[in-house]
Amino acid sequence: MHTYSHRRIFAYCWALYARNAPFLIGLFISLWAFVVGTQFLALVLFREVSMMTGIAVALFGWIFTTVLGMGILYIIVKLARKESVRHEDLLTPAPALVRYIGASFLYHIIVTLGFLFFIVPGFVLAIKYMFYRHLIVDQDLDVFEALYVSGCMTEGSKLRLFGLSLLLSCVNLLGLLAFGVGLLITVPYTMLILARVYERELIELKRRMRHDTHMP
C-alpha cells in the first residue's frame with residue numbers, strides 16, 4: 001500500500017523548486033552551454049583540423065556531459081530529501097560513471113527489445129527499470145543490482161508510475177512550447193517530482209522488506 005500522494009508531491013516539489021530556482025536554473029544553463037559549446041567546437045575541429053580531433057573532442061564532451069548529468073541527478077535527489085547541496089556535489093557520483101553508462105546501455109537494449117515484441121512490453125520494462133539511474137548515483141549500486149532493485153521498487157506500481165510519466169512528459173512539453181525557455185522551469189521541477197517519488201518508493205520497498213523479514 002502506498003503511503004504518499006502525487007498531489008502532495010507536486011506541491012512539495014514546486015515549493016522546493018521555488019526555493020532553489022536560481023541554483024537549479026544556473027546548473028541547467030551551465031550544462032546546456034557546455035553541451036552546445038563542445039558540439040560546436042567538435043564540429044569546427046572536425047572540419048578545420050582533423051576528423052580524429054573532432055571525434056576526440058566530441059567524445060570528451062559526451063563523457064563529461066554524462067558526469068554532469070549524474071551530478072545534477074544526485075543534487076536533485078538530495079534536494080528532494082531537503083538535504084543541503086553544494087556545487088561540489090556535481091562530481092560526487094563521478095566514480096560510478098562506467099556503471100552508469102553500462103546500466104544505461106543495458107536498459108535501452110532491454111526496452112528496445114520490449115518494444116519489438118508488440119510495443120506494450122517496452123512500456124512495461126521502461127517503467128519497471130526507470131529508477132536505475134537514481135539507484136546508481138544515490139545508493140552506489142552496480143548495474144544489475146540497480147536494475148533488480150528498480151524492478152522491486154516498481155512492483156505493483158507500474159500503472160501509477162506510467163500515468164505519472166505521461167503527466168511529467170506533458171509538463172515538459174508545455175515548457176518546450178514556451179519557446180524552450182520554459183524547460184528551465186519544467187525540467188528541474190519534473191526531476192524533483194521523480195526524485196521524490198523514487199524516495200517514497202524506496203522507503204516503501206524497505207518497509208516491505210522489513211515486514212517480510214518479520215513474517216513467521
# chains A, B, ... in the order shown; residues from 1 in each chain; ligands from 1
>>> closest_atom_pairs(of="stretch 154-206 of chain A", to="stretch 107-127 of chain A", cutoff="7 Å", atoms="only C-alpha atoms", output="JSON lines")
{"residue": "A:Lys158", "atom": "CA", "partner": "A:Ile127", "partner_atom": "CA", "distance": 6.1}
{"residue": "A:Leu161", "atom": "CA", "partner": "A:Ile127", "partner_atom": "CA", "distance": 6.9}
{"residue": "A:Phe162", "atom": "CA", "partner": "A:Ile127", "partner_atom": "CA", "distance": 6.5}
>>> residues_around(residues="stretch 73-78 of chain A", least_positions_apart="6", cutoff="7 Å", atoms="only C-alpha atoms", output="ChimeraX atom specification")
/A:85,89,137-138,191-192,195
>>> write_last_selection(atoms="C-alpha atoms", output="compact mmCIF listing (two decimals), in the first residue's frame")
# COMPACT_ATOMS: atom_id res chain seq x y z
CA VAL A 85 23.74 20.73 -1.56
CA ASP A 89 28.23 17.59 -5.38
CA VAL A 137 24.08 7.77 -8.16
CA ASP A 138 22.27 7.67 -4.81
CA MET A 191 13.14 15.83 -12.00
CA LEU A 192 12.38 16.84 -8.40
CA ALA A 195 13.25 12.01 -7.35
>>> atom_distance(atom1="atom CA of A:Gly180", atom2="atom CA of A:Leu31")
15.0 Å
>>> atom_distance(atom1="atom CA of A:Ser165", atom2="atom CA of A:Ala80")
17.5 Å
>>> atom_distance(atom1="atom CA of A:Tyr189", atom2="atom CA of A:Asn20")
10.3 Å
>>> residues_around(residues="A:Gly69", least_positions_apart="4", cutoff="12 Å", atoms="only C-alpha atoms", output="count of residues only")
30
>>> closest_residue(among="A:Ala18, A:Cys152, A:Leu141, A:Val187", to="A:Leu202", atoms="only C-alpha atoms")
A:Cys152
>>> select_by_dssp(residues="stretch 25-205 of chain A", states="helix (DSSP H, G or I)", output="ChimeraX atom specification")
/A:25-48,51-80,87-91,94-116,120-128,132-139,143-153,158-177,183-205
>>> closest_residue(among="A:Glu199, A:Ser150, A:Ala56, A:Gln139", to="A:Leu43", atoms="only C-alpha atoms")
A:Ala56
